[in-house]
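Structure file entry-v8.txt; described as compact mmCIF, C-alpha atoms and all ligand atoms.
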```txt
# COMPACT_ATOMS: atom_id res chain seq x y z
CA MET G 1 24.02 6.99 13.70
CA ASP G 2 20.88 9.05 12.94
CA THR G 3 17.92 6.90 11.99
CA ILE G 4 14.31 7.15 10.85
CA PHE G 5 11.64 4.82 12.19
CA VAL G 6 8.96 3.86 9.64
CA VAL G 7 5.69 2.53 11.06
CA ASN G 8 2.82 0.79 9.30
CA ALA G 9 0.21 -0.02 11.94
CA GLY G 10 -2.80 -2.25 11.29
CA SER G 11 -5.49 -3.72 13.53
CA SER G 12 -3.41 -6.64 14.78
CA SER G 13 0.11 -5.88 13.65
CA VAL G 14 2.67 -3.10 13.64
CA LYS G 15 5.21 -3.40 10.82
CA PHE G 16 8.31 -1.27 11.16
CA GLN G 17 11.64 -0.50 9.54
CA ILE G 18 14.68 1.47 10.61
CA PHE G 19 16.64 3.46 8.02
CA SER G 20 19.99 5.07 8.74
CA ILE G 21 20.64 8.51 7.28
CA GLU G 22 23.87 8.34 5.31
CA GLY G 23 25.79 11.12 3.55
CA GLU G 24 23.85 13.49 1.27
CA GLY G 25 20.51 12.40 2.67
CA ARG G 26 20.77 8.83 1.37
CA LEU G 27 18.87 6.22 3.37
CA ARG G 28 19.91 2.67 4.15
CA ARG G 29 17.57 0.04 5.52
CA GLN G 30 19.00 -1.38 8.75
CA ILE G 31 16.14 -3.26 10.42
CA LYS G 32 12.85 -4.73 9.28
CA GLY G 33 10.37 -6.17 11.75
CA GLN G 34 6.85 -6.60 12.91
CA MET G 35 4.81 -7.20 16.02
CA ASP G 36 2.04 -9.61 15.02
CA GLY G 37 -0.93 -11.01 16.89
CA ILE G 38 -1.59 -7.89 19.00
CA GLY G 39 -4.21 -8.75 21.65
CA ARG G 40 -4.15 -12.43 20.63
CA ARG G 41 -0.69 -13.99 20.42
CA PRO G 42 1.81 -11.13 20.31
CA ARG G 43 5.11 -11.97 18.65
CA LEU G 44 7.99 -9.71 17.72
CA ARG G 45 10.12 -10.68 14.74
CA ALA G 46 12.90 -8.57 13.28
CA SER G 47 15.87 -8.97 10.99
CA GLY G 48 18.90 -6.90 10.04
CA VAL G 49 20.51 -5.65 6.83
CA GLU G 50 21.44 -9.09 5.49
CA GLY G 51 18.22 -10.70 6.73
CA GLU G 52 19.97 -11.99 9.87
CA PRO G 53 17.46 -12.57 12.71
CA LEU G 54 17.53 -9.95 15.46
CA ALA G 55 14.44 -11.01 17.40
CA ASP G 56 11.78 -13.72 17.42
CA ARG G 57 9.93 -13.76 20.70
CA ALA G 58 6.43 -14.15 22.06
CA TYR G 59 4.85 -11.77 24.62
CA PRO G 60 1.98 -12.33 27.05
CA ILE G 61 -1.32 -10.88 25.79
CA GLU G 62 -1.54 -8.50 28.77
CA SER G 63 1.71 -6.75 27.81
CA VAL G 64 0.75 -6.21 24.14
CA SER G 65 -3.01 -5.79 24.21
CA ASP G 66 -3.25 -2.93 21.69
CA VAL G 67 -1.30 -0.91 19.12
CA PRO G 68 0.09 1.72 21.58
CA ALA G 69 1.34 -1.12 23.82
CA ALA G 70 2.95 -2.77 20.80
CA MET G 71 4.66 0.53 19.92
CA SER G 72 6.03 0.84 23.41
CA VAL G 73 7.41 -2.73 23.37
CA VAL G 74 8.99 -2.20 19.94
CA GLY G 75 10.40 1.19 21.03
CA GLY G 76 11.85 -0.36 24.22
CA TRP G 77 13.42 -3.17 22.23
CA LEU G 78 14.99 -0.73 19.78
CA ARG G 79 16.34 1.52 22.49
CA ASN G 80 17.49 -0.99 25.08
CA GLU G 81 18.60 -3.96 23.03
CA ILE G 82 19.45 -2.62 19.58
CA ARG G 83 20.61 0.77 20.88
CA VAL G 84 18.74 2.68 18.19
CA SER G 85 17.00 5.98 18.98
CA PRO G 86 15.37 7.35 15.84
CA ILE G 87 15.29 11.11 15.30
CA ALA G 88 11.91 10.99 13.54
CA VAL G 89 9.02 8.65 12.77
CA GLY G 90 7.28 8.27 9.41
CA HIS G 91 3.81 6.72 9.45
CA ARG G 92 1.78 5.14 6.73
CA VAL G 93 -1.70 6.64 6.97
CA VAL G 94 -4.23 5.19 4.59
CA HIS G 95 -6.46 8.24 4.22
CA GLY G 96 -5.52 11.87 3.74
CA GLY G 97 -9.06 12.72 2.64
CA PRO G 98 -9.60 15.56 0.19
CA ASP G 99 -7.16 17.86 2.02
CA PHE G 100 -3.77 16.18 2.11
CA SER G 101 -2.01 15.93 -1.23
CA GLU G 102 1.41 15.42 0.31
CA PRO G 103 3.05 14.16 3.50
CA VAL G 104 2.68 16.36 6.53
CA LEU G 105 4.52 17.02 9.77
CA ILE G 106 2.14 15.93 12.51
CA ASP G 107 0.80 18.05 15.35
CA HIS G 108 -2.43 17.89 17.36
CA GLY G 109 -4.29 19.89 14.68
CA VAL G 110 -3.26 17.44 11.96
CA VAL G 111 -4.35 14.48 14.10
CA ALA G 112 -7.74 16.10 14.63
CA ARG G 113 -8.14 16.57 10.86
CA LEU G 114 -7.08 12.98 10.17
CA GLU G 115 -9.58 11.71 12.72
CA ARG G 116 -12.35 13.11 10.51
CA PHE G 117 -11.38 10.52 7.89
CA VAL G 118 -11.91 7.53 10.19
CA ALA G 119 -15.39 7.18 8.72
CA LEU G 120 -13.84 6.93 5.24
CA ALA G 121 -11.47 4.09 6.22
CA PRO G 122 -12.83 2.56 9.44
CA LEU G 123 -10.74 -0.59 9.19
CA HIS G 124 -7.41 1.19 8.76
CA GLN G 125 -7.40 4.84 9.82
CA PRO G 126 -7.95 4.30 13.59
CA HIS G 127 -5.05 1.84 13.73
CA ASN G 128 -2.80 4.17 11.72
CA LEU G 129 -3.59 7.02 14.12
CA ALA G 130 -3.17 5.05 17.37
CA PRO G 131 0.68 5.01 17.40
CA ILE G 132 0.76 8.66 16.26
CA ARG G 133 -1.38 9.69 19.22
CA SER G 134 0.61 7.73 21.76
CA LEU G 135 3.97 9.04 20.48
CA LEU G 136 2.56 12.58 20.44
CA ALA G 137 1.48 12.21 24.07
CA ASN G 138 4.73 10.63 25.28
CA PHE G 139 7.28 12.37 23.06
CA PRO G 140 5.72 15.66 21.97
CA LYS G 141 8.95 16.99 20.45
CA LEU G 142 9.75 13.91 18.40
CA PRO G 143 9.00 14.80 14.76
CA GLN G 144 6.37 12.56 13.20
CA VAL G 145 5.33 12.58 9.55
CA ALA G 146 2.12 11.17 8.05
CA CYS G 147 2.42 9.73 4.52
CA PHE G 148 -0.86 8.96 2.78
CA ASP G 149 -1.95 6.23 0.38
CA THR G 150 -4.38 8.66 -1.18
CA ALA G 151 -2.09 11.69 -1.62
CA PHE G 152 -0.46 10.66 -4.91
CA HIS G 153 -3.87 10.59 -6.63
CA ARG G 154 -4.98 14.07 -5.60
CA THR G 155 -3.80 15.27 -9.03
CA HIS G 156 -6.86 13.64 -10.68
CA ASP G 157 -9.15 15.75 -12.83
CA ALA G 158 -12.74 16.19 -11.68
CA VAL G 159 -13.99 13.51 -14.10
CA SER G 160 -11.76 10.98 -12.33
CA ASP G 161 -12.55 12.24 -8.85
CA TYR G 162 -16.38 12.27 -8.87
CA TYR G 163 -19.11 9.66 -8.73
CA ALA G 164 -22.35 10.35 -10.56
CA ILE G 165 -24.20 11.00 -7.32
CA PRO G 166 -25.54 14.25 -5.85
CA TYR G 167 -22.87 16.85 -5.25
CA GLN G 168 -23.58 17.05 -1.51
CA LEU G 169 -22.00 13.61 -1.07
CA TYR G 170 -18.88 14.73 -2.93
CA ALA G 171 -18.67 17.72 -0.60
CA GLU G 172 -18.92 15.33 2.35
CA GLY G 173 -15.93 13.39 1.03
CA VAL G 174 -17.51 10.64 -1.08
CA ARG G 175 -14.93 10.76 -3.89
CA ARG G 176 -12.74 8.47 -5.94
CA TYR G 177 -9.57 8.79 -3.88
CA GLY G 178 -7.48 5.87 -5.10
CA PHE G 179 -4.97 4.03 -2.89
CA HIS G 180 -1.50 2.38 -3.00
CA GLY G 181 -0.21 5.89 -3.73
CA LEU G 182 3.11 5.41 -1.93
CA SER G 183 3.79 2.37 -4.09
CA TYR G 184 2.92 4.21 -7.31
CA GLU G 185 5.04 7.16 -6.29
CA TYR G 186 8.01 4.87 -5.67
CA VAL G 187 7.50 3.08 -9.01
CA ALA G 188 7.13 6.39 -10.88
CA LYS G 189 10.40 7.67 -9.36
CA THR G 190 12.23 4.44 -10.07
CA LEU G 191 11.01 4.35 -13.67
CA ALA G 192 12.20 7.95 -14.11
CA HIS G 193 15.61 6.73 -13.01
CA ILE G 194 15.83 3.61 -15.20
CA ALA G 195 13.94 4.83 -18.31
CA PRO G 196 13.65 8.63 -18.09
CA GLU G 197 12.13 9.18 -21.54
CA ILE G 198 9.48 6.49 -21.04
CA ALA G 199 8.64 7.80 -17.57
CA LYS G 200 7.71 11.14 -19.14
CA GLY G 201 5.03 9.37 -21.18
CA LEU G 202 1.92 7.23 -20.63
CA VAL G 203 2.40 4.36 -18.19
CA ILE G 204 0.12 1.81 -16.51
CA VAL G 205 1.33 0.38 -13.20
CA ALA G 206 -0.28 -2.79 -11.83
CA HIS G 207 0.21 -3.10 -8.06
CA LEU G 208 -0.73 -6.76 -7.59
CA GLY G 209 -0.47 -7.85 -3.96
CA SER G 210 -3.02 -9.05 -1.40
CA GLY G 211 -4.56 -5.68 -2.11
CA ALA G 212 -4.44 -4.89 -5.82
CA SER G 213 -5.03 -1.85 -7.97
CA MET G 214 -3.79 -0.20 -11.14
CA CYS G 215 -2.82 3.37 -11.84
CA ALA G 216 -2.48 5.41 -15.02
CA LEU G 217 0.53 7.74 -14.97
CA LYS G 218 1.01 10.67 -17.33
CA GLY G 219 4.48 12.17 -17.00
CA GLY G 220 4.86 10.47 -13.61
CA ARG G 221 1.58 11.87 -12.21
CA SER G 222 -1.48 9.81 -11.41
CA VAL G 223 -4.41 10.55 -13.72
CA GLU G 224 -6.64 7.52 -13.00
CA SER G 225 -6.84 4.66 -10.56
CA THR G 226 -8.95 1.51 -10.40
CA MET G 227 -9.66 2.14 -6.71
CA GLY G 228 -12.15 4.71 -5.53
CA PHE G 229 -13.81 5.78 -2.29
CA THR G 230 -12.46 2.75 -0.42
CA ALA G 231 -9.90 0.07 -1.15
CA LEU G 232 -12.71 -2.28 -2.24
CA ASP G 233 -13.12 -1.16 -5.84
CA GLY G 234 -11.33 -2.16 -9.02
CA LEU G 235 -9.40 -5.42 -9.30
CA PRO G 236 -10.33 -8.57 -7.39
CA MET G 237 -7.99 -9.00 -4.41
CA GLY G 238 -7.06 -11.70 -1.91
CA THR G 239 -10.31 -11.32 0.03
CA ARG G 240 -12.01 -8.25 -1.55
CA PRO G 241 -14.19 -8.50 -4.64
CA GLY G 242 -13.07 -5.49 -6.61
CA GLN G 243 -15.63 -3.88 -8.88
CA LEU G 244 -19.13 -4.95 -7.88
CA ASP G 245 -22.56 -3.79 -8.95
CA PRO G 246 -23.95 -1.88 -5.91
CA GLY G 247 -27.12 -3.90 -6.52
CA VAL G 248 -25.27 -6.92 -5.10
CA VAL G 249 -24.90 -5.06 -1.81
CA LEU G 250 -28.62 -4.20 -1.86
CA TYR G 251 -29.37 -7.90 -2.41
CA LEU G 252 -27.17 -8.89 0.57
CA ILE G 253 -29.09 -6.44 2.74
CA SER G 254 -32.64 -6.90 1.54
CA GLU G 255 -32.70 -10.61 0.66
CA LEU G 256 -29.97 -12.12 2.85
CA LYS G 257 -30.75 -9.73 5.74
CA MET G 258 -27.12 -8.87 6.32
CA SER G 259 -26.35 -5.92 8.59
CA ALA G 260 -23.92 -3.13 7.65
CA SER G 261 -21.20 -4.77 9.71
CA ASP G 262 -21.93 -8.21 8.17
CA VAL G 263 -21.61 -6.68 4.71
CA GLN G 264 -18.37 -4.95 5.70
CA LYS G 265 -16.83 -8.17 7.01
CA PHE G 266 -18.03 -10.02 3.92
CA LEU G 267 -16.64 -7.51 1.42
CA TYR G 268 -13.27 -7.16 3.13
CA GLY G 269 -12.77 -10.73 4.26
CA ASP G 270 -14.77 -13.33 2.33
CA CYS G 271 -14.68 -12.30 -1.31
CA GLY G 272 -12.01 -11.90 -3.98
CA LEU G 273 -9.74 -14.84 -4.82
CA LYS G 274 -10.71 -16.52 -1.56
CA GLY G 275 -14.45 -16.30 -2.15
CA LEU G 276 -14.33 -17.16 -5.82
CA SER G 277 -11.95 -20.13 -5.49
CA GLY G 278 -13.14 -21.45 -2.15
CA VAL G 279 -9.51 -22.61 -1.89
CA SER G 280 -7.26 -19.74 -0.81
CA ASN G 281 -6.60 -16.02 -0.96
CA ASP G 282 -2.94 -16.75 -1.72
CA MET G 283 -1.97 -16.61 -5.38
CA ARG G 284 0.82 -19.17 -4.90
CA GLU G 285 -1.69 -21.76 -3.67
CA LEU G 286 -4.14 -20.94 -6.44
CA GLU G 287 -1.52 -21.26 -9.16
CA ALA G 288 -0.42 -24.62 -7.73
CA SER G 289 -3.97 -25.96 -7.38
CA GLU G 290 -5.72 -28.33 -9.78
CA ASP G 291 -9.11 -27.25 -8.43
CA LYS G 292 -11.44 -25.88 -11.14
CA ARG G 293 -12.56 -22.92 -9.08
CA ALA G 294 -8.97 -22.04 -8.20
CA LYS G 295 -8.22 -21.98 -11.93
CA LEU G 296 -11.28 -19.79 -12.52
CA ALA G 297 -10.12 -17.37 -9.80
CA VAL G 298 -6.71 -17.01 -11.47
CA GLU G 299 -8.36 -16.54 -14.86
CA TYR G 300 -10.76 -13.95 -13.42
CA PHE G 301 -7.85 -12.05 -11.82
CA VAL G 302 -6.01 -11.87 -15.16
CA HIS G 303 -9.21 -10.98 -17.04
CA ARG G 304 -9.97 -8.05 -14.73
CA ILE G 305 -6.39 -6.76 -14.92
CA CYS G 306 -6.63 -6.73 -18.71
CA LEU G 307 -10.09 -5.11 -18.77
CA ASN G 308 -8.80 -2.39 -16.48
CA ALA G 309 -5.66 -1.99 -18.59
CA GLY G 310 -7.94 -1.21 -21.54
CA MET G 311 -9.78 1.36 -19.45
CA LEU G 312 -6.59 3.02 -18.25
CA ALA G 313 -5.06 3.02 -21.75
CA ALA G 314 -8.21 4.83 -22.89
CA ALA G 315 -7.82 7.34 -20.06
CA LEU G 316 -4.21 7.90 -21.14
CA GLN G 317 -5.05 7.88 -24.86
CA GLY G 318 -2.09 5.60 -25.48
CA LEU G 319 0.46 3.46 -23.71
CA ASP G 320 4.26 3.81 -23.55
CA ALA G 321 4.99 1.22 -20.83
CA PHE G 322 3.38 -1.30 -18.49
CA VAL G 323 4.84 -2.02 -15.04
CA PHE G 324 4.21 -4.92 -12.65
CA THR G 325 4.81 -4.48 -8.93
CA ALA G 326 3.94 -5.91 -5.43
CA GLY G 327 3.88 -9.57 -4.29
CA ILE G 328 2.15 -11.13 -7.31
CA GLY G 329 3.47 -8.64 -9.87
CA GLU G 330 7.06 -9.08 -8.68
CA ASN G 331 7.01 -12.86 -8.26
CA SER G 332 4.44 -14.61 -10.42
CA THR G 333 5.89 -15.39 -13.84
CA GLY G 334 2.61 -17.10 -14.70
CA ILE G 335 0.35 -14.11 -14.03
CA ARG G 336 2.74 -11.77 -15.86
CA ALA G 337 2.83 -14.09 -18.88
CA ARG G 338 -0.96 -14.38 -19.02
CA VAL G 339 -1.51 -10.64 -18.66
CA ALA G 340 1.08 -9.91 -21.35
CA ASP G 341 -0.55 -12.47 -23.63
CA GLN G 342 -3.98 -10.83 -23.25
CA LEU G 343 -2.46 -7.40 -23.86
CA GLY G 344 -1.11 -8.61 -27.21
CA TRP G 345 -3.68 -6.39 -28.98
CA LEU G 346 -1.79 -3.39 -27.56
CA GLY G 347 1.41 -4.67 -29.16
CA VAL G 348 2.77 -6.28 -25.98
CA THR G 349 5.06 -9.29 -26.32
CA LEU G 350 7.02 -10.98 -23.54
CA ASP G 351 10.56 -12.33 -23.42
CA PRO G 352 9.93 -15.64 -21.58
CA THR G 353 13.55 -15.95 -20.42
CA ALA G 354 13.60 -12.43 -19.01
CA ASN G 355 10.23 -13.12 -17.37
CA SER G 356 11.43 -16.33 -15.74
CA ARG G 357 14.58 -14.54 -14.49
CA HIS G 358 12.39 -11.73 -13.03
CA ALA G 359 14.45 -9.28 -15.08
CA ARG G 360 13.65 -5.60 -14.83
CA LEU G 361 12.60 -5.44 -18.51
CA ILE G 362 10.60 -8.53 -19.49
CA SER G 363 9.07 -7.51 -22.84
CA GLY G 364 10.28 -9.01 -26.12
CA SER G 365 12.53 -6.97 -28.39
CA ASP G 366 9.59 -6.65 -30.82
CA SER G 367 7.15 -5.41 -28.16
CA LEU G 368 5.55 -2.06 -28.99
CA VAL G 369 5.14 -1.47 -25.26
CA PRO G 370 8.05 -2.15 -22.88
CA VAL G 371 7.00 -4.17 -19.84
CA TYR G 372 8.89 -3.71 -16.57
CA VAL G 373 9.00 -5.41 -13.19
CA ILE G 374 9.81 -2.85 -10.50
CA PRO G 375 9.78 -4.14 -6.90
CA THR G 376 7.96 -1.59 -4.82
CA ASP G 377 9.29 -0.04 -1.60
CA GLU G 378 6.62 1.94 0.21
CA GLU G 379 8.67 2.07 3.42
CA LEU G 380 11.63 3.70 1.68
CA MET G 381 9.20 6.23 0.21
CA ILE G 382 7.91 7.02 3.72
CA ALA G 383 11.47 7.35 5.05
CA GLN G 384 12.37 9.69 2.18
CA HIS G 385 9.33 11.88 2.79
CA THR G 386 10.06 11.94 6.51
CA LEU G 387 13.66 12.96 5.94
CA ALA G 388 12.64 15.64 3.42
CA LEU G 389 10.17 17.18 5.88
CA LEU G 390 12.70 16.88 8.67
CA MET G 391 15.28 18.76 6.66
CA GLY G 392 12.73 21.48 6.08
CA ALA G 393 11.83 21.46 9.79
CA PRO G 394 14.05 22.90 12.53
CA THR G 395 16.57 20.11 13.06
CA SER G 396 17.42 21.26 16.58
CA SER G 397 14.00 20.12 17.80
CA ALA G 398 14.41 16.98 15.68
CA ARG G 399 17.40 16.07 17.75
CA GLN G 400 16.06 17.06 21.13
CA GLU G 401 13.96 14.06 21.79
CA ARG G 402 14.36 10.48 20.72
CA VAL G 403 11.92 7.65 20.48
CA PRO G 404 11.52 5.34 23.53
P1 LIG G 501 0.34 -7.02 0.76
O1 LIG G 501 1.56 -6.16 0.96
O2 LIG G 501 -0.82 -6.34 0.11
O3 LIG G 501 -0.02 -7.85 1.95
P2 LIG G 501 2.06 -8.47 -1.05
O4 LIG G 501 2.49 -7.39 -1.97
O5 LIG G 501 3.05 -9.02 -0.10
O6 LIG G 501 0.70 -8.11 -0.32
O7 LIG G 501 1.53 -9.68 -1.98
C1 LIG G 501 0.98 -10.83 -1.44
C2 LIG G 501 0.53 -11.71 -2.59
O8 LIG G 501 1.69 -12.04 -3.39
C3 LIG G 501 -0.06 -13.04 -2.15
O9 LIG G 501 -1.23 -13.32 -2.90
C4 LIG G 501 1.01 -14.04 -2.52
O10 LIG G 501 0.47 -15.28 -2.85
C5 LIG G 501 1.61 -13.40 -3.74
N1 LIG G 501 2.92 -13.96 -4.04
C6 LIG G 501 4.07 -13.84 -3.36
N2 LIG G 501 5.03 -14.59 -3.95
C7 LIG G 501 4.47 -15.18 -5.04
C8 LIG G 501 4.94 -16.07 -6.05
N3 LIG G 501 6.19 -16.50 -6.07
N4 LIG G 501 4.07 -16.46 -7.00
C9 LIG G 501 2.79 -16.04 -6.98
N5 LIG G 501 2.28 -15.20 -6.06
C10 LIG G 501 3.12 -14.77 -5.09
```
Here is a file; write its structure as structure tokens.
Amino acid sequence: MDTIFVVNAGSSSVKFQIFSIEGEGRLRRQIKGQMDGIGRRPRLRASGVEGEPLADRAYPIESVSDVPAAMSVVGGWLRNEIRVSPIAVGHRVVHGGPDFSEPVLIDHGVVARLERFVALAPLHQPHNLAPIRSLLANFPKLPQVACFDTAFHRTHDAVSDYYAIPYQLYAEGVRRYGFHGLSYEYVAKTLAHIAPEIAKGLVIVAHLGSGASMCALKGGRSVESTMGFTALDGLPMGTRPGQLDPGVVLYLISELKMSASDVQKFLYGDCGLKGLSGVSNDMRELEASEDKRAKLAVEYFVHRICLNAGMLAAALQGLDAFVFTAGIGENSTGIRARVADQLGWLGVTLDPTANSRHARLISGSDSLVPVYVIPTDEELMIAQHTLALLMGAPTSSARQERVP
């Protein structure tokens, strides 16, 4: 069985999936797993097609001290215990910078170009590149593909791509990139499948997870995003504030004497739903809480989604559909109901039964704007891109070397 290995590496975890390549290039998810607690309390967990457990085991810190070590343990487990040797690896890479508007087959030159974007995403890019580098060193003929969170938004017009700052900074790469692109691409493709006429029109997608953003799609292409230079902008998130007056950052530095790294930790880890509620960064806990600040955090989240919906509808000059996706968007009937209620001025109504059943179409029959719930699948998107590039690449070399 030919398989593709999808890798999403972070600072302390490596998430992975294995897809088998079926007839006519169809892909089927076979294994889903992750190595957590790298360098602290490493633990490998994995499950199969039906969710059946395949592994749940702890490792000593010394044997999984960093991401390359985690990759080698996961690769060894796949090869020796599960008897799977993928023919290619697809990686999630957060930043493709200004250059990469589509996935790319990796070689040393590509890695060198991607290293230049470490400064643009210091918390993610180095960890995304670590497994690429170690596989390139150990298995130079194994095809690897980089799939970018930024690529889907490279279709933006200049007015959506610039900040009103001196041009030199734009030339250096300070631009409104936008993120969650693999999720939006998947949703756009799925919508084209389930509602082809609507997908040709003006659509807002709300990716509401621990990280959250919204995207305006025109004919399936991204024309605006709520995220910008980094994944800090736009909607409030689990621990990130979303849109913030830069003057707040100046205040943190000048009055509270915070260093650049203090500010970074603060903005990525202490703000958002967590900071505002003082209760949790987890929407389930906030929705269940009676605490006043937890209620405010939920209200703020909904308020900012609806403000941004207005902005994106203005960018689109209309609205033909609204789509919810990611952890909160796919699961929280309460957040969906509140957002739909506040979008009533756009002609949105909700069918409460369809919403509580998590149906695909949850708008009322009288809604001027259909509202969909489309579960996202960024890993499948990565596997599809990897397979597409592989089919365009010489398959003989693809089959020469297999992952450890
Ligand atoms: P990420 O992939 O960015 O880590 P997810 O897309 O998995 O995030 O979303 C995580 C968020 O989804 C968390 O805030 C979690 O509370 C929320 N979530 C998951 N299930 C539910 C639910 N049933 N109701 C409300 N929120 C939920």
For chain G against ligand LIG 501 (chain G), with a cut-off of 9 Å and counting only C-alpha atoms and all ligand atoms, what is the closest atom pair and its distance in Å to one decimal for every residue that makes the cut, ordered by chain and number, as CSV?
```
residue,atom,partner,partner_atom,distance
G:His207,CA,G:LIG501,O4,7.8
G:Leu208,CA,G:LIG501,O4,6.5
G:Gly209,CA,G:LIG501,O7,3.4
G:Ser210,CA,G:LIG501,O2,3.8
G:Gly211,CA,G:LIG501,O2,4.4
G:Ala212,CA,G:LIG501,O2,7.1
G:Met237,CA,G:LIG501,O9,8.2
G:Gly238,CA,G:LIG501,O9,6.1
G:Leu273,CA,G:LIG501,O9,8.9
G:Asn281,CA,G:LIG501,O9,6.3
G:Asp282,CA,G:LIG501,O10,3.9
G:Met283,CA,G:LIG501,O10,3.8
G:Arg284,CA,G:LIG501,C9,4.2
G:Glu285,CA,G:LIG501,O10,6.9
G:Leu286,CA,G:LIG501,O10,8.1
G:Glu287,CA,G:LIG501,C9,7.1
G:Thr325,CA,G:LIG501,O4,7.9
G:Ala326,CA,G:LIG501,O4,4.0
G:Gly327,CA,G:LIG501,O7,3.3
G:Ile328,CA,G:LIG501,O8,4.1
G:Gly329,CA,G:LIG501,O8,7.5
G:Glu330,CA,G:LIG501,N2,7.5
G:Asn331,CA,G:LIG501,N3,4.3
G:Ser332,CA,G:LIG501,N4,3.9
G:Thr333,CA,G:LIG501,N4,7.2
G:Gly334,CA,G:LIG501,C9,7.8
G:Ile335,CA,G:LIG501,C9,7.7
G:Thr376,CA,G:LIG501,O4,8.5
```
Legend entry - Pick from G:Pro143, G:Pro68, G:Gly51, G:Pro122 nearest to Pro86 in chain G, counting all atoms listed in the file: G:Pro143
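Ranking G:Gly10, G:Gly23, G:Pro166, G:Pro236 by their shortest atom-to-atom distance to Pro131 in chain G, with all atoms listed in the file included, puts G:Gly10 first.
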Inset, instruction - Find the residues around range 313-319 of chain G up to 7 Å (only C-alpha atoms counted), leave out those fewer than 4 positions away in its own chain, and share them as a list of chain:residue names. - result: G:Leu202, G:Val203, G:Ala216, G:Ala309, G:Val369
Inset, instruction - Within 8 Å of Gly39 in chain G, counting all atoms listed in the file, which residues show up once you throw out same-chain ones fewer than 6 positions away? Write them as a ChimeraX atom specification, please. - result: /G:12,61-62,64-66
